[in-house]
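Just below is one structure, and these are the notes that go with it.
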Amino acid sequence: MGDIVAVPPEYGLGPIKVTAITSTRVEMVAPLTGSGYSVSGCAGGGGVSSDGSGGVGLSCGKGPAATINNTMSLQVVELGGAAASLRIEPAG
């Protein structure tokens with residue numbers, strides 16, 4: 001928890017910060033660097049919210065990848081205890 005993951009600027013997000021890890025979800029926040037934002041397919045009923053300062057919050061469970069800004073794929077690969085493994089790669 002508290003780890004920060006830098007992503008390429010073309011994904012439209014600044015560094016992603018992990019804010020909480022539970023037995024079923026990873027909670028993350030990231031500043032927006034582009035002019036828009038979209039997400040689809042966060043496993044386990046994931047959610048997205050605005051933090052009011054040009055950033056977003058993500059809540060994702062283990063499973064199929066979410067597509068963010070039609071350019072980035074984010075998948076929670078493993079969840080256990082206070083640790084999680086994320087896979088971040090180009091969408092497509």
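By order of appearance in the structure tokens: chains A, B, ..., then residues from 1 within every chain, and ligands from 1 in the order shown.
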Residue contacts of A:Pro15 (9 Å, only C-alpha atoms) excluding same-chain residues fewer than 6 positions away, as a ChimeraX atom specification: /A:4-8,29-31
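Distances from A:Ile21, A:Leu79, A:Ile16, A:Met28 to A:Ser59 were compared using only C-alpha atoms, and the smallest one belongs to A:Met28.
Minimum atom-to-atom distance to A:Ala84, evaluated using only C-alpha atoms, belongs to A:Ala20 out of A:Ala20, A:Val39, A:Leu13, A:Ala65.
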Option closest in space to A:Leu58, from A:Ala91, A:Asn70, A:Glu27, A:Pro9 [counting only C-alpha atoms]: A:Glu27
Length of the atom CA of A:Leu32 to atom CA of A:Pro90 vector [Å]: 17.2 Å
Interatomic distance, atom CA of A:Gly92 to atom CA of A:Val56 (Å, one decimal): 22.2 Å
Which of A:Thr24, A:Ala82, A:Glu89, A:Gly41 sits closest to A:Lys62 [using only C-alpha atoms]: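 With only C-alpha atoms as the atom set, the closest residue is A:Thr24.
The interatomic distance for the pair atom CA of A:Asp3 and atom CA of A:Ser38 works out to 23.0 Å.
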Residue nearest A:Gly14 - candidates A:Pro64, A:Gly81, A:Gly2, A:Gly34, atoms counted: only C-alpha atoms: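 Smallest distance to A:Gly14 is found for A:Gly34.
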Selected residue of minimal separation from A:Asn69 among A:Ser85, A:Thr33, A:Thr19, A:Val26, counting only C-alpha atoms: A:Thr33
Residue neighbourhood A:Ile88, 7 Å, only C-alpha atoms, exclusion window fewer than 2 positions, as a list in words: Met72, Ser73, Leu74, Gln75 and Leu86 of chain A
Please, could you write that set of residues out with N, CA and C atoms as a CSV table (one decimal), in the first residue's frame?
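Done, and the output landed in part-v8.csv:
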```csv
chain,number,residue,atom,x,y,z
A,72,MET,N,-4.8,2.1,-22.2
A,72,MET,CA,-4.1,1.4,-21.2
A,72,MET,C,-4.9,0.3,-20.6
A,73,SER,N,-4.3,-0.9,-20.4
A,73,SER,CA,-4.9,-2.0,-19.8
A,73,SER,C,-4.4,-2.2,-18.4
A,74,LEU,N,-5.3,-2.3,-17.4
A,74,LEU,CA,-4.8,-2.5,-16.0
A,74,LEU,C,-5.6,-3.7,-15.5
A,75,GLN,N,-4.8,-4.6,-15.0
A,75,GLN,CA,-5.4,-5.9,-14.4
A,75,GLN,C,-4.8,-6.2,-13.1
A,86,LEU,N,-0.2,-5.9,-10.1
A,86,LEU,CA,-0.9,-5.3,-11.1
A,86,LEU,C,-0.2,-5.5,-12.4
```
